[in-house]
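This report refers to the structure that appears directly beneath it.
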Amino acid sequence: MGRKKLKIQRLEDLKARQAKYSKRKTGILKKAKELNILWEVDVALLFSSPSGRPTLFVGKNSNGLSSILKRLSNLSFEEREESYTKMSCKS
């Protein structure tokens, strides 16, 4: 039996939203760690929880958040847009 297609919508109940956020955050952090380890991709994730608490993840193989941000800032606006457009078309 397959999984049901979930309708993505905002949860009105704050407790339910926080619980769902926590579970989803754990899953996406796990995927980011896998990307970093398996393919040696530099990864930086920044989350802000429903309660406003920030979470930052920077992969182990990177030289830190500042090096990732520096490389991003060195790209022209067109290069960043092109990269984003390529990612959007694949989904």
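Note on naming: chains are A, B, ... as they come in the structure tokens, residues start from 1 per chain, ligands start from 1 in the order shown.
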
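Those residues of chain A that DSSP, working from the backbone, places in strand (DSSP E or B) are Ala44, Leu45, Leu46, Phe47, Ser48, Pro54, Thr55, Leu56, Phe57 and Val58 of chain A.
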
Residues just named, written with N, CA and C atoms as an mmCIF file, in the first residue's frame:
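Generated file (selection_33.cif):
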```cif
data_model
loop_
_atom_site.group_PDB
_atom_site.id
_atom_site.type_symbol
_atom_site.label_atom_id
_atom_site.label_comp_id
_atom_site.auth_asym_id
_atom_site.auth_seq_id
_atom_site.Cartn_x
_atom_site.Cartn_y
_atom_site.Cartn_z
ATOM 1 N N ALA A 44 24.707 24.633 3.430
ATOM 2 C CA ALA A 44 24.379 25.545 4.520
ATOM 3 C C ALA A 44 22.863 25.718 4.534
ATOM 4 N N LEU A 45 22.255 25.441 5.681
ATOM 5 C CA LEU A 45 20.819 25.588 5.845
ATOM 6 C C LEU A 45 20.551 26.509 7.024
ATOM 7 N N LEU A 46 19.598 27.394 6.870
ATOM 8 C CA LEU A 46 19.188 28.276 7.947
ATOM 9 C C LEU A 46 17.680 28.176 8.087
ATOM 10 N N PHE A 47 17.224 27.802 9.278
ATOM 11 C CA PHE A 47 15.803 27.665 9.565
ATOM 12 C C PHE A 47 15.414 28.657 10.642
ATOM 13 N N SER A 48 14.172 29.047 10.624
ATOM 14 C CA SER A 48 13.589 29.817 11.715
ATOM 15 C C SER A 48 12.296 29.106 12.089
ATOM 16 N N PRO A 54 16.195 30.240 15.707
ATOM 17 C CA PRO A 54 16.957 29.903 14.494
ATOM 18 C C PRO A 54 17.746 28.609 14.648
ATOM 19 N N THR A 55 17.922 27.903 13.537
ATOM 20 C CA THR A 55 18.764 26.715 13.463
ATOM 21 C C THR A 55 19.664 26.884 12.260
ATOM 22 N N LEU A 56 20.960 26.665 12.439
ATOM 23 C CA LEU A 56 21.928 26.770 11.353
ATOM 24 C C LEU A 56 22.655 25.448 11.218
ATOM 25 N N PHE A 57 22.744 24.941 9.985
ATOM 26 C CA PHE A 57 23.532 23.745 9.697
ATOM 27 C C PHE A 57 24.523 24.081 8.595
ATOM 28 N N VAL A 58 25.784 23.792 8.842
ATOM 29 C CA VAL A 58 26.831 23.939 7.832
ATOM 30 C C VAL A 58 27.557 22.608 7.780
#
```

Find the residues around Ile37 of chain A up to 12 Å (only C-alpha atoms counted), leave out those fewer than 5 positions away in its own chain, and share them as a PyMOL selection string.
chain A and resi 30-32+42-43+58-62

Please indicate the distance in Å from atom CA of Val41 of chain A to atom CA of Ile28 of chain A, rounded to one decimal place.
14.9 Å

Distance criterion (only C-alpha atoms): nearest to Arg24 of chain A out of A:Glu82, A:Ser49, A:Asn63, A:Glu40:
A:Ser49

Report as a PDB file with N, CA and C atoms, in the first residue's frame: the residues of segment 2-91 of chain A with a DSSP assignment of helix (DSSP H, G or I), based on the backbone of this structure.
```pdb
ATOM      1  N   LEU A  14      -0.722  26.003  16.742  1.00  0.00           N
ATOM      2  CA  LEU A  14       0.702  26.266  16.971  1.00  0.00           C
ATOM      3  C   LEU A  14       1.456  25.022  17.435  1.00  0.00           C
ATOM      4  N   LYS A  15       0.843  24.213  18.312  1.00  0.00           N
ATOM      5  CA  LYS A  15       1.509  22.993  18.793  1.00  0.00           C
ATOM      6  C   LYS A  15       1.714  21.999  17.651  1.00  0.00           C
ATOM      7  N   ALA A  16       0.705  21.828  16.828  1.00  0.00           N
ATOM      8  CA  ALA A  16       0.805  20.914  15.682  1.00  0.00           C
ATOM      9  C   ALA A  16       1.850  21.418  14.694  1.00  0.00           C
ATOM     10  N   ARG A  17       1.874  22.738  14.481  1.00  0.00           N
ATOM     11  CA  ARG A  17       2.850  23.330  13.563  1.00  0.00           C
ATOM     12  C   ARG A  17       4.273  23.103  14.073  1.00  0.00           C
ATOM     13  N   GLN A  18       4.490  23.293  15.379  1.00  0.00           N
ATOM     14  CA  GLN A  18       5.819  23.108  15.968  1.00  0.00           C
ATOM     15  C   GLN A  18       6.245  21.643  15.872  1.00  0.00           C
ATOM     16  N   ALA A  19       5.331  20.718  16.137  1.00  0.00           N
ATOM     17  CA  ALA A  19       5.643  19.290  16.060  1.00  0.00           C
ATOM     18  C   ALA A  19       6.002  18.885  14.631  1.00  0.00           C
ATOM     19  N   LYS A  20       5.205  19.348  13.664  1.00  0.00           N
ATOM     20  CA  LYS A  20       5.463  19.024  12.257  1.00  0.00           C
ATOM     21  C   LYS A  20       6.789  19.627  11.799  1.00  0.00           C
ATOM     22  N   TYR A  21       7.042  20.875  12.225  1.00  0.00           N
ATOM     23  CA  TYR A  21       8.300  21.540  11.885  1.00  0.00           C
ATOM     24  C   TYR A  21       9.485  20.737  12.405  1.00  0.00           C
ATOM     25  N   SER A  22       9.395  20.301  13.650  1.00  0.00           N
ATOM     26  CA  SER A  22      10.487  19.554  14.261  1.00  0.00           C
ATOM     27  C   SER A  22      10.795  18.274  13.485  1.00  0.00           C
ATOM     28  N   LYS A  23       9.750  17.552  13.109  1.00  0.00           N
ATOM     29  CA  LYS A  23       9.937  16.310  12.347  1.00  0.00           C
ATOM     30  C   LYS A  23      10.519  16.588  10.960  1.00  0.00           C
ATOM     31  N   ARG A  24       9.979  17.582  10.265  1.00  0.00           N
ATOM     32  CA  ARG A  24      10.466  17.918   8.932  1.00  0.00           C
ATOM     33  C   ARG A  24      11.907  18.425   8.986  1.00  0.00           C
ATOM     34  N   LYS A  25      12.227  19.226  10.009  1.00  0.00           N
ATOM     35  CA  LYS A  25      13.582  19.756  10.163  1.00  0.00           C
ATOM     36  C   LYS A  25      14.571  18.617  10.335  1.00  0.00           C
ATOM     37  N   THR A  26      14.222  17.640  11.156  1.00  0.00           N
ATOM     38  CA  THR A  26      15.088  16.481  11.359  1.00  0.00           C
ATOM     39  C   THR A  26      15.351  15.764  10.038  1.00  0.00           C
ATOM     40  N   GLY A  27      14.301  15.592   9.235  1.00  0.00           N
ATOM     41  CA  GLY A  27      14.440  14.908   7.951  1.00  0.00           C
ATOM     42  C   GLY A  27      15.305  15.669   6.968  1.00  0.00           C
ATOM     43  N   ILE A  28      15.103  16.972   6.867  1.00  0.00           N
ATOM     44  CA  ILE A  28      15.887  17.746   5.898  1.00  0.00           C
ATOM     45  C   ILE A  28      17.339  17.893   6.356  1.00  0.00           C
ATOM     46  N   LEU A  29      17.574  17.954   7.668  1.00  0.00           N
ATOM     47  CA  LEU A  29      18.956  17.989   8.165  1.00  0.00           C
ATOM     48  C   LEU A  29      19.674  16.677   7.853  1.00  0.00           C
ATOM     49  N   LYS A  30      18.956  15.567   7.965  1.00  0.00           N
ATOM     50  CA  LYS A  30      19.537  14.265   7.628  1.00  0.00           C
ATOM     51  C   LYS A  30      19.929  14.223   6.151  1.00  0.00           C
ATOM     52  N   LYS A  31      19.052  14.723   5.281  1.00  0.00           N
ATOM     53  CA  LYS A  31      19.353  14.749   3.845  1.00  0.00           C
ATOM     54  C   LYS A  31      20.539  15.666   3.545  1.00  0.00           C
ATOM     55  N   ALA A  32      20.614  16.800   4.226  1.00  0.00           N
ATOM     56  CA  ALA A  32      21.729  17.722   4.013  1.00  0.00           C
ATOM     57  C   ALA A  32      23.045  17.075   4.430  1.00  0.00           C
ATOM     58  N   LYS A  33      23.041  16.352   5.535  1.00  0.00           N
ATOM     59  CA  LYS A  33      24.254  15.645   5.978  1.00  0.00           C
ATOM     60  C   LYS A  33      24.663  14.590   4.964  1.00  0.00           C
ATOM     61  N   GLU A  34      23.672  13.873   4.413  1.00  0.00           N
ATOM     62  CA  GLU A  34      23.970  12.866   3.393  1.00  0.00           C
ATOM     63  C   GLU A  34      24.594  13.496   2.156  1.00  0.00           C
ATOM     64  N   LEU A  35      24.039  14.609   1.691  1.00  0.00           N
ATOM     65  CA  LEU A  35      24.605  15.311   0.540  1.00  0.00           C
ATOM     66  C   LEU A  35      26.047  15.707   0.820  1.00  0.00           C
ATOM     67  N   ASN A  36      26.285  16.219   2.001  1.00  0.00           N
ATOM     68  CA  ASN A  36      27.608  16.680   2.378  1.00  0.00           C
ATOM     69  C   ASN A  36      28.609  15.534   2.435  1.00  0.00           C
ATOM     70  N   ILE A  37      28.224  14.421   3.004  1.00  0.00           N
ATOM     71  CA  ILE A  37      29.141  13.292   3.181  1.00  0.00           C
ATOM     72  C   ILE A  37      29.342  12.510   1.883  1.00  0.00           C
ATOM     73  N   LEU A  38      28.234  12.146   1.219  1.00  0.00           N
ATOM     74  CA  LEU A  38      28.330  11.276   0.043  1.00  0.00           C
ATOM     75  C   LEU A  38      28.927  11.964  -1.173  1.00  0.00           C
ATOM     76  N   TRP A  39      28.573  13.214  -1.391  1.00  0.00           N
ATOM     77  CA  TRP A  39      29.016  13.895  -2.607  1.00  0.00           C
ATOM     78  C   TRP A  39      29.934  15.080  -2.333  1.00  0.00           C
ATOM     79  N   LEU A  65      30.467  28.682   6.978  1.00  0.00           N
ATOM     80  CA  LEU A  65      29.409  29.459   6.357  1.00  0.00           C
ATOM     81  C   LEU A  65      29.965  30.650   5.582  1.00  0.00           C
ATOM     82  N   SER A  66      30.992  31.279   6.112  1.00  0.00           N
ATOM     83  CA  SER A  66      31.528  32.472   5.447  1.00  0.00           C
ATOM     84  C   SER A  66      32.071  32.150   4.057  1.00  0.00           C
ATOM     85  N   SER A  67      32.701  30.980   3.875  1.00  0.00           N
ATOM     86  CA  SER A  67      33.223  30.635   2.546  1.00  0.00           C
ATOM     87  C   SER A  67      32.089  30.362   1.562  1.00  0.00           C
ATOM     88  N   ILE A  68      31.013  29.744   2.034  1.00  0.00           N
ATOM     89  CA  ILE A  68      29.868  29.480   1.163  1.00  0.00           C
ATOM     90  C   ILE A  68      29.220  30.795   0.747  1.00  0.00           C
ATOM     91  N   LEU A  69      29.029  31.679   1.708  1.00  0.00           N
ATOM     92  CA  LEU A  69      28.418  32.981   1.404  1.00  0.00           C
ATOM     93  C   LEU A  69      29.314  33.829   0.507  1.00  0.00           C
ATOM     94  N   LYS A  70      30.621  33.724   0.703  1.00  0.00           N
ATOM     95  CA  LYS A  70      31.552  34.479  -0.135  1.00  0.00           C
ATOM     96  C   LYS A  70      31.462  34.013  -1.586  1.00  0.00           C
ATOM     97  N   ARG A  71      31.404  32.682  -1.800  1.00  0.00           N
ATOM     98  CA  ARG A  71      31.279  32.165  -3.163  1.00  0.00           C
ATOM     99  C   ARG A  71      29.958  32.595  -3.793  1.00  0.00           C
ATOM    100  N   LEU A  72      28.896  32.585  -3.007  1.00  0.00           N
ATOM    101  CA  LEU A  72      27.600  33.010  -3.517  1.00  0.00           C
ATOM    102  C   LEU A  72      27.609  34.493  -3.869  1.00  0.00           C
ATOM    103  N   SER A  73      28.221  35.301  -3.033  1.00  0.00           N
ATOM    104  CA  SER A  73      28.245  36.745  -3.297  1.00  0.00           C
ATOM    105  C   SER A  73      29.131  37.095  -4.488  1.00  0.00           C
ATOM    106  N   ASN A  74      30.092  36.229  -4.825  1.00  0.00           N
ATOM    107  CA  ASN A  74      30.959  36.478  -5.980  1.00  0.00           C
ATOM    108  C   ASN A  74      30.264  36.182  -7.308  1.00  0.00           C
ATOM    109  N   PHE A  77      24.347  38.438 -10.479  1.00  0.00           N
ATOM    110  CA  PHE A  77      22.917  38.220 -10.326  1.00  0.00           C
ATOM    111  C   PHE A  77      22.427  37.239 -11.392  1.00  0.00           C
ATOM    112  N   GLU A  78      22.917  37.376 -12.613  1.00  0.00           N
ATOM    113  CA  GLU A  78      22.493  36.506 -13.708  1.00  0.00           C
ATOM    114  C   GLU A  78      22.894  35.056 -13.445  1.00  0.00           C
ATOM    115  N   GLU A  79      24.109  34.854 -12.927  1.00  0.00           N
ATOM    116  CA  GLU A  79      24.569  33.496 -12.629  1.00  0.00           C
ATOM    117  C   GLU A  79      23.707  32.858 -11.532  1.00  0.00           C
ATOM    118  N   ARG A  80      23.366  33.636 -10.522  1.00  0.00           N
ATOM    119  CA  ARG A  80      22.510  33.113  -9.455  1.00  0.00           C
ATOM    120  C   ARG A  80      21.120  32.775  -9.990  1.00  0.00           C
ATOM    121  N   GLU A  81      20.572  33.648 -10.823  1.00  0.00           N
ATOM    122  CA  GLU A  81      19.257  33.398 -11.410  1.00  0.00           C
ATOM    123  C   GLU A  81      19.281  32.161 -12.294  1.00  0.00           C
ATOM    124  N   GLU A  82      20.343  32.014 -13.081  1.00  0.00           N
ATOM    125  CA  GLU A  82      20.475  30.857 -13.965  1.00  0.00           C
ATOM    126  C   GLU A  82      20.529  29.573 -13.151  1.00  0.00           C
ATOM    127  N   SER A  83      21.283  29.564 -12.072  1.00  0.00           N
ATOM    128  CA  SER A  83      21.391  28.402 -11.210  1.00  0.00           C
ATOM    129  C   SER A  83      20.041  28.068 -10.592  1.00  0.00           C
ATOM    130  N   TYR A  84      19.326  29.081 -10.131  1.00  0.00           N
ATOM    131  CA  TYR A  84      18.012  28.868  -9.526  1.00  0.00           C
ATOM    132  C   TYR A  84      17.014  28.350 -10.554  1.00  0.00           C
ATOM    133  N   THR A  85      17.054  28.891 -11.760  1.00  0.00           N
ATOM    134  CA  THR A  85      16.132  28.478 -12.816  1.00  0.00           C
ATOM    135  C   THR A  85      16.369  27.015 -13.176  1.00  0.00           C
ATOM    136  N   LYS A  86      17.623  26.580 -13.239  1.00  0.00           N
ATOM    137  CA  LYS A  86      17.930  25.181 -13.549  1.00  0.00           C
ATOM    138  C   LYS A  86      17.340  24.265 -12.476  1.00  0.00           C
ATOM    139  N   MET A  87      17.452  24.669 -11.207  1.00  0.00           N
ATOM    140  CA  MET A  87      16.918  23.849 -10.116  1.00  0.00           C
ATOM    141  C   MET A  87      15.399  23.809 -10.188  1.00  0.00           C
ATOM    142  N   SER A  88      14.749  24.910 -10.491  1.00  0.00           N
ATOM    143  CA  SER A  88      13.296  24.978 -10.523  1.00  0.00           C
ATOM    144  C   SER A  88      12.723  24.126 -11.644  1.00  0.00           C
ATOM    145  N   CYS A  89      13.404  24.055 -12.766  1.00  0.00           N
ATOM    146  CA  CYS A  89      12.913  23.311 -13.919  1.00  0.00           C
ATOM    147  C   CYS A  89      12.959  21.801 -13.680  1.00  0.00           C
ATOM    148  N   LYS A  90      13.858  21.353 -12.817  1.00  0.00           N
ATOM    149  CA  LYS A  90      13.999  19.918 -12.567  1.00  0.00           C
ATOM    150  C   LYS A  90      12.898  19.387 -11.685  1.00  0.00           C
TER     151      LYS A  90
END
```
